[in-house]
Each structure stands twice: as structure tokens, then as C-alpha cells.
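Asks: One structure, as C-alpha cells, below. Some questions next.
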Amino acid sequence: MSLGADLGVVSPRSDYDLHDVRFIGAVGGRYALPDRKQGAVQKAPVYACRLCSVSTRIAVMVAPVVGKEGEIVTAHFDAFGILRGYVSRQLPSGFVMELTLDSVARDKLGRKIVWQKKRVYEQVEDRREHKRIQLRDPRTIITMGDGTQIPCFVIDVSQTGIALSARTLPEIGTPLAVGKLVGRVVRHLDVGFAVKFLAVQDLEEIESLVVPPSLVPMRAEQYSAH
């Protein structure tokens, strides 16, 4: 028995122990699977992801590398901060993450979720020459020069190029196809790499070219999995 219990001190319970709050919406972020450390410095790769829903107990994520059930996950989203937990269920496009929180952290996350649900987003004009957008379904497949196909996650896309996150990191200058569009790797990112298309694309048609029709979108109930 703990000293606190001996003294009759009861640990404070979270306001969300008996009820939960949930935010459903697309929020970009990044994550790592710490048990998969690589290289001499033993650093775990960091991948881009999209948060589909989050409560004070679980988070549902679309991700390029799906962890095994029970595998530890560390994720970060600007709106919610750092989330830690483990993979409780695999999904066709990602996984459900069971959050590991104490009462204080659960309260803090609950308040952030409530604020996020009430928050009014301001529309900021994008002043770049080619506006970048997020696809409704961020999954696609890249095809390398030797025909190897690799599933990947679309961070964002414009008429001239696309930012991707995948299990592999092609060298700069590598030619490849993203869905039906051909381009070359032009830059490495913290969570992936950027590809420049060989030709400027029509923004209204780009999603159908980037995302192969064989990839079936996640169902609504999967985005809000319990």
C-alpha cells in the first residue's frame, strides 16, 4: 500500500474518468515507433501522419507505417501536443492508439479537445504561387525505377509537386511515380521527402492521379473507432 493511502490521501481523479470528449477531424502531425531504432545513433524514424479522431483514451491515425499491436507509439500534433501510448488495433490505413495518461495529463488533453471543438479556424490566404492542399485520402503508392511499389502517406500536394512520408527515403534526384504522376525527388524533409512533377498538373484532377483507385478509403466508423 502506498504512503498516500496509509495517510488517507486520495489521488485526484481526472474529470474525464467518468465521461469522455472526442474531436473528429483531420489534423496533420508526426509519429515514431521508438522500438524500431536504426543506425549507429539508434534513432527511431519519424513519419508524417493524419489524426482522424482523438479522445482522452484513444487516437485514430492514418499512417504510412503501421505498428504491431502492443507496439509503443509517440506522436505529436500542434493542437494536442505529445501523445504517448501503444497500438491497440491495426486498421487498413493506420492504427488505433491507446493513450497512456495519468489523471493530470488526461485532464490537460480533455481541455485541449474541448477547446479544439469550439475553436473557429481563420482562413489565411496562401500566398505561394502554387497552393498546397491535403488530400481527402492521404494514402498512395510510389513506384521506383525497378518496379518496386511502396505504400506511402501524402503530406500535401500542389500543381508542381508532392510531399510524402514512407518507410524508405529515396536519394535526391531519384525518378519515381506517385500514383500515375512521374517526378523526381528534390528535397528531404524531417518526416519524408518532396517530389517535383515533370509537368504542372490540374489541381482539380490531381487527387485522382495521385491516389490509385484500388485503394479503398477508410469508412467513417473507422475514423472514429472506439
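By convention in this document, the chains of the C-alpha cells carry letters A, B, ... by their order, each chain's residues are numbered from 1, and ligands are numbered from 1 in the order they are shown.
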Could you give me, as a list of chain:residue names, the residues within 6 Å of stretch 87-91 of chain A, counting only C-alpha atoms and dropping anything in the same chain fewer than 5 positions from it?

Replies: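 Near neighbours after the sequence-gap exclusion: A:Glu69, A:Gly70, A:Glu71, A:Val96, A:Met97, A:Glu98.
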
Asks: Residues of the last selection are to be written out with N, CA and C atoms, as an mmCIF file, in the first residue's frame.

Replies:
```
data_model
loop_
_atom_site.group_PDB
_atom_site.id
_atom_site.type_symbol
_atom_site.label_atom_id
_atom_site.label_comp_id
_atom_site.auth_asym_id
_atom_site.auth_seq_id
_atom_site.Cartn_x
_atom_site.Cartn_y
_atom_site.Cartn_z
ATOM 1 N N GLU A 69 0.319 -4.622 -32.977
ATOM 2 C CA GLU A 69 -0.481 -4.486 -31.768
ATOM 3 C C GLU A 69 0.412 -4.616 -30.536
ATOM 4 N N GLY A 70 0.274 -3.654 -29.622
ATOM 5 C CA GLY A 70 1.094 -3.620 -28.423
ATOM 6 C C GLY A 70 2.352 -2.785 -28.561
ATOM 7 N N GLU A 71 2.688 -2.361 -29.797
ATOM 8 C CA GLU A 71 3.914 -1.583 -30.017
ATOM 9 C C GLU A 71 3.748 -0.154 -29.516
ATOM 10 N N VAL A 96 -5.196 2.274 -34.362
ATOM 11 C CA VAL A 96 -5.785 2.908 -33.194
ATOM 12 C C VAL A 96 -4.736 2.890 -32.092
ATOM 13 N N MET A 97 -4.524 4.031 -31.479
ATOM 14 C CA MET A 97 -3.512 4.178 -30.435
ATOM 15 C C MET A 97 -4.197 4.352 -29.084
ATOM 16 N N GLU A 98 -3.956 3.421 -28.175
ATOM 17 C CA GLU A 98 -4.471 3.538 -26.809
ATOM 18 C C GLU A 98 -3.535 4.470 -26.056
#
```

Asks: Quick one: contact table of stretch 53-162 of chain A to stretch 17-38 of chain A, 7 Å max, nearest atom pair and distance in Å to one decimal per residue, counting only C-alpha atoms, chain and number order, as a Markdown table?

Replies:
```
| residue | atom | partner | partner_atom | distance |
| --- | --- | --- | --- | --- |
| A:Ser53 | CA | A:Ile24 | CA | 4.2 |
| A:Val54 | CA | A:Phe23 | CA | 5.4 |
| A:Ser55 | CA | A:Arg22 | CA | 4.3 |
| A:Thr56 | CA | A:Asp20 | CA | 6.5 |
| A:Ile72 | CA | A:Leu33 | CA | 6.0 |
| A:Val73 | CA | A:Leu33 | CA | 5.0 |
| A:Thr74 | CA | A:Ala32 | CA | 5.4 |
| A:Ala75 | CA | A:Tyr31 | CA | 4.0 |
| A:His76 | CA | A:Arg30 | CA | 5.5 |
| A:Phe77 | CA | A:Gly29 | CA | 4.7 |
| A:Gly110 | CA | A:Val21 | CA | 6.6 |
| A:Ile113 | CA | A:Phe23 | CA | 6.0 |
| A:Lys117 | CA | A:Phe23 | CA | 6.3 |
```

Asks: Expressed in Å to a single decimal, how great is the separation between atom CA of A:Cys52 and atom CA of A:Val185?

Replies: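 According to the coordinates, atom CA of A:Cys52 and atom CA of A:Val185 are separated by 28.1 Å.
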
Asks: For the strand (DSSP E or B) assignment from backbone DSSP, which residues of stretch 34-184 of chain A qualify? Please present them as number ranges by chain.

Replies: A: 38, 43, 46-55, 58-62, 72-77, 81-91, 94-99, 133, 139-144, 149-157, 161-166, 175-178, 181-184

Asks: Considering only C-alpha atoms, can you say which of A:Val157, A:Ala48, A:Leu189, A:Ala177 comes closest to A:Asp202?

Replies: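 Smallest separation from A:Asp202 among the options: A:Val157.
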
Asks: With a distance cut-off of 9 Å and only C-alpha atoms, select the neighbouring residues of A:Ser165, excluding the residue or stretch itself and same-chain residues fewer than 3 positions from it, and output the selection as a PyMOL selection string.

Replies: chain A and resi 46-49+63-64+152-155+168-169+189+191-194

Asks: Kindly export the residues of the current selection with N, CA, C and O atoms, as a PDB file, in the first residue's frame.

Replies:
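selection.pdb was written with the following content:
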```
ATOM      1  N   VAL A  46      11.029   9.024 -37.992  1.00  0.00           N
ATOM      2  CA  VAL A  46       9.820   9.813 -37.736  1.00  0.00           C
ATOM      3  C   VAL A  46       9.034   9.911 -39.033  1.00  0.00           C
ATOM      4  O   VAL A  46       9.601  10.218 -40.088  1.00  0.00           O
ATOM      5  N   TYR A  47       7.724   9.652 -38.964  1.00  0.00           N
ATOM      6  CA  TYR A  47       6.875   9.665 -40.146  1.00  0.00           C
ATOM      7  C   TYR A  47       5.764  10.697 -39.989  1.00  0.00           C
ATOM      8  O   TYR A  47       5.355  11.025 -38.868  1.00  0.00           O
ATOM      9  N   ALA A  48       5.266  11.200 -41.107  1.00  0.00           N
ATOM     10  CA  ALA A  48       4.096  12.071 -41.082  1.00  0.00           C
ATOM     11  C   ALA A  48       2.849  11.212 -40.910  1.00  0.00           C
ATOM     12  O   ALA A  48       2.843  10.024 -41.255  1.00  0.00           O
ATOM     13  N   CYS A  49       1.785  11.799 -40.386  1.00  0.00           N
ATOM     14  CA  CYS A  49       0.538  11.066 -40.199  1.00  0.00           C
ATOM     15  C   CYS A  49      -0.623  12.053 -40.175  1.00  0.00           C
ATOM     16  O   CYS A  49      -0.419  13.273 -40.193  1.00  0.00           O
ATOM     17  N   ALA A  63      -1.549   6.392 -41.251  1.00  0.00           N
ATOM     18  CA  ALA A  63      -0.094   6.435 -41.164  1.00  0.00           C
ATOM     19  C   ALA A  63       0.550   5.533 -42.206  1.00  0.00           C
ATOM     20  O   ALA A  63      -0.027   4.518 -42.596  1.00  0.00           O
ATOM     21  N   PRO A  64       1.753   5.887 -42.672  1.00  0.00           N
ATOM     22  CA  PRO A  64       2.420   5.094 -43.709  1.00  0.00           C
ATOM     23  C   PRO A  64       3.024   3.784 -43.193  1.00  0.00           C
ATOM     24  O   PRO A  64       3.159   2.832 -43.937  1.00  0.00           O
ATOM     25  N   CYS A 152       2.753   4.742 -49.254  1.00  0.00           N
ATOM     26  CA  CYS A 152       3.243   5.963 -48.618  1.00  0.00           C
ATOM     27  C   CYS A 152       2.078   6.867 -48.226  1.00  0.00           C
ATOM     28  O   CYS A 152       0.919   6.624 -48.571  1.00  0.00           O
ATOM     29  N   PHE A 153       2.410   7.920 -47.511  1.00  0.00           N
ATOM     30  CA  PHE A 153       1.448   8.875 -46.975  1.00  0.00           C
ATOM     31  C   PHE A 153       1.691  10.234 -47.625  1.00  0.00           C
ATOM     32  O   PHE A 153       2.836  10.704 -47.671  1.00  0.00           O
ATOM     33  N   VAL A 154       0.638  10.863 -48.130  1.00  0.00           N
ATOM     34  CA  VAL A 154       0.750  12.173 -48.772  1.00  0.00           C
ATOM     35  C   VAL A 154       0.597  13.266 -47.708  1.00  0.00           C
ATOM     36  O   VAL A 154      -0.452  13.393 -47.084  1.00  0.00           O
ATOM     37  N   ILE A 155       1.669  14.029 -47.499  1.00  0.00           N
ATOM     38  CA  ILE A 155       1.608  15.134 -46.533  1.00  0.00           C
ATOM     39  C   ILE A 155       0.792  16.282 -47.124  1.00  0.00           C
ATOM     40  O   ILE A 155      -0.164  16.756 -46.523  1.00  0.00           O
ATOM     41  N   THR A 168      10.717   4.229 -46.770  1.00  0.00           N
ATOM     42  CA  THR A 168      12.001   4.443 -47.425  1.00  0.00           C
ATOM     43  C   THR A 168      12.264   5.929 -47.642  1.00  0.00           C
ATOM     44  O   THR A 168      11.334   6.745 -47.632  1.00  0.00           O
ATOM     45  N   LEU A 169      13.523   6.305 -47.852  1.00  0.00           N
ATOM     46  CA  LEU A 169      13.900   7.695 -48.122  1.00  0.00           C
ATOM     47  C   LEU A 169      14.794   7.709 -49.365  1.00  0.00           C
ATOM     48  O   LEU A 169      16.013   7.573 -49.269  1.00  0.00           O
ATOM     49  N   LEU A 189      12.832  15.914 -46.193  1.00  0.00           N
ATOM     50  CA  LEU A 189      12.123  16.615 -45.128  1.00  0.00           C
ATOM     51  C   LEU A 189      12.374  15.913 -43.803  1.00  0.00           C
ATOM     52  O   LEU A 189      12.912  14.804 -43.766  1.00  0.00           O
ATOM     53  N   VAL A 191      10.229  14.529 -42.027  1.00  0.00           N
ATOM     54  CA  VAL A 191       9.374  13.339 -41.928  1.00  0.00           C
ATOM     55  C   VAL A 191       9.173  12.650 -43.278  1.00  0.00           C
ATOM     56  O   VAL A 191       8.257  11.863 -43.443  1.00  0.00           O
ATOM     57  N   GLY A 192      10.031  12.928 -44.247  1.00  0.00           N
ATOM     58  CA  GLY A 192       9.846  12.300 -45.556  1.00  0.00           C
ATOM     59  C   GLY A 192      10.661  12.977 -46.645  1.00  0.00           C
ATOM     60  O   GLY A 192      11.815  13.352 -46.438  1.00  0.00           O
ATOM     61  N   PHE A 193      10.035  13.198 -47.816  1.00  0.00           N
ATOM     62  CA  PHE A 193      10.749  13.785 -48.940  1.00  0.00           C
ATOM     63  C   PHE A 193       9.770  14.466 -49.890  1.00  0.00           C
ATOM     64  O   PHE A 193       8.556  14.210 -49.850  1.00  0.00           O
ATOM     65  N   ALA A 194      10.295  15.356 -50.722  1.00  0.00           N
ATOM     66  CA  ALA A 194       9.487  16.103 -51.685  1.00  0.00           C
ATOM     67  C   ALA A 194       9.824  15.663 -53.100  1.00  0.00           C
ATOM     68  O   ALA A 194      10.992  15.439 -53.437  1.00  0.00           O
TER      69      ALA A 194
END
```

Asks: Kindly give the distance, in Å, that separates atom CA of A:Glu171 and atom CA of A:Val211, rounded to a single decimal.

Replies: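 Those two atoms sit 22.7 Å apart.
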
Asks: Quick one: distance from atom CA of A:Gly161 to atom CA of A:Gly67 in Å, one decimal?

Replies: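 So the two atoms, atom CA of A:Gly161 and atom CA of A:Gly67, lie 28.4 Å apart.
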
Asks: Taking the DSSP secondary structure from the backbone, can you list the residues of stretch 67-220 of chain A that are alpha helix (DSSP H), as a ChimeraX atom specification?

Replies: /A:103-118,206-210,220

Asks: How would the residues just chosen look if you wrote them out with N, CA, C and O atoms as a CSV table (one decimal), in the first residue's frame?

Replies:
```
chain,number,residue,atom,x,y,z
A,103,SER,N,-3.9,11.1,-14.5
A,103,SER,CA,-5.1,11.9,-14.4
A,103,SER,C,-4.8,13.4,-14.8
A,103,SER,O,-5.7,14.0,-15.4
A,104,VAL,N,-3.6,13.9,-14.5
A,104,VAL,CA,-3.3,15.2,-14.8
A,104,VAL,C,-3.2,15.4,-16.3
A,104,VAL,O,-3.8,16.4,-16.9
A,105,ALA,N,-2.5,14.5,-17.0
A,105,ALA,CA,-2.4,14.5,-18.4
A,105,ALA,C,-3.7,14.3,-19.1
A,105,ALA,O,-4.0,15.0,-20.2
A,106,ARG,N,-4.6,13.5,-18.6
A,106,ARG,CA,-5.9,13.2,-19.2
A,106,ARG,C,-6.7,14.5,-19.1
A,106,ARG,O,-7.4,14.9,-20.0
A,107,ASP,N,-6.7,15.2,-18.0
A,107,ASP,CA,-7.4,16.5,-17.8
A,107,ASP,C,-6.9,17.5,-18.8
A,107,ASP,O,-7.7,18.2,-19.5
A,108,LYS,N,-5.6,17.6,-19.0
A,108,LYS,CA,-5.0,18.6,-19.9
A,108,LYS,C,-5.4,18.3,-21.3
A,108,LYS,O,-5.8,19.2,-22.1
A,109,LEU,N,-5.4,17.0,-21.7
A,109,LEU,CA,-5.8,16.7,-23.1
A,109,LEU,C,-7.3,16.9,-23.3
A,109,LEU,O,-7.7,17.4,-24.3
A,110,GLY,N,-8.1,16.6,-22.3
A,110,GLY,CA,-9.5,16.9,-22.4
A,110,GLY,C,-9.8,18.3,-22.6
A,110,GLY,O,-10.7,18.6,-23.4
A,111,ARG,N,-9.1,19.2,-21.9
A,111,ARG,CA,-9.3,20.6,-22.1
A,111,ARG,C,-8.9,21.1,-23.5
A,111,ARG,O,-9.6,21.9,-24.1
A,112,LYS,N,-7.9,20.5,-24.0
A,112,LYS,CA,-7.4,20.8,-25.4
A,112,LYS,C,-8.5,20.4,-26.4
A,112,LYS,O,-8.7,21.0,-27.4
A,113,ILE,N,-9.0,19.2,-26.2
A,113,ILE,CA,-10.0,18.7,-27.1
A,113,ILE,C,-11.3,19.5,-27.1
A,113,ILE,O,-11.8,19.9,-28.2
A,114,VAL,N,-11.7,19.9,-25.9
A,114,VAL,CA,-12.9,20.8,-25.8
A,114,VAL,C,-12.6,22.1,-26.5
A,114,VAL,O,-13.5,22.7,-27.3
A,115,TRP,N,-11.4,22.7,-26.3
A,115,TRP,CA,-11.0,24.0,-27.0
A,115,TRP,C,-11.0,23.8,-28.5
A,115,TRP,O,-11.5,24.6,-29.2
A,116,GLN,N,-10.4,22.7,-28.9
A,116,GLN,CA,-10.3,22.5,-30.4
A,116,GLN,C,-11.7,22.4,-31.0
A,116,GLN,O,-11.9,22.8,-32.2
A,117,LYS,N,-12.7,21.8,-30.3
A,117,LYS,CA,-14.0,21.6,-30.9
A,117,LYS,C,-14.7,23.0,-31.0
A,117,LYS,O,-15.5,23.2,-31.9
A,118,LYS,N,-14.4,23.9,-30.1
A,118,LYS,CA,-15.0,25.2,-30.1
A,118,LYS,C,-14.3,26.2,-30.9
A,118,LYS,O,-14.8,27.3,-31.3
A,206,ILE,N,-5.8,16.3,-59.7
A,206,ILE,CA,-4.6,15.8,-59.2
A,206,ILE,C,-4.9,14.6,-58.2
A,206,ILE,O,-4.1,13.7,-58.2
A,207,GLU,N,-6.0,14.7,-57.4
A,207,GLU,CA,-6.2,13.6,-56.5
A,207,GLU,C,-6.5,12.3,-57.2
A,207,GLU,O,-6.0,11.2,-56.7
A,208,SER,N,-7.2,12.3,-58.3
A,208,SER,CA,-7.5,11.0,-59.0
A,208,SER,C,-6.2,10.5,-59.6
A,208,SER,O,-6.1,9.3,-59.9
A,209,LEU,N,-5.2,11.3,-59.9
A,209,LEU,CA,-4.0,10.9,-60.5
A,209,LEU,C,-3.0,10.4,-59.4
A,209,LEU,O,-2.2,9.4,-59.6
A,210,VAL,N,-3.0,11.0,-58.2
A,210,VAL,CA,-2.1,10.6,-57.2
A,210,VAL,C,-2.5,9.4,-56.4
A,210,VAL,O,-1.7,8.5,-56.1
A,220,ALA,N,-16.3,5.7,-42.4
A,220,ALA,CA,-16.5,6.7,-41.4
A,220,ALA,C,-16.3,6.1,-40.0
A,220,ALA,O,-15.7,6.7,-39.1
```

Asks: Give the answer as one residue: which of A:Leu101, A:Leu181, A:Met61, A:Leu203 has the shortest atom-to-atom distance to A:Leu135, using only C-alpha atoms?

Replies: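 Closest to A:Leu135 of all the choices is A:Leu203.
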
Asks: Write out as a ChimeraX atom specification the residues lying within 10 Å of A:Asp156, counting only C-alpha atoms and excluding same-chain residues fewer than 6 positions away.

Replies: /A:28,131-135,138,162-164,194

Asks: Which of these residues is nearest to A:Thr100, using only C-alpha atoms: A:Arg187, A:Thr148, A:Arg57, A:Lys68?

Replies: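 Result for the nearest residue to A:Thr100: A:Arg57.
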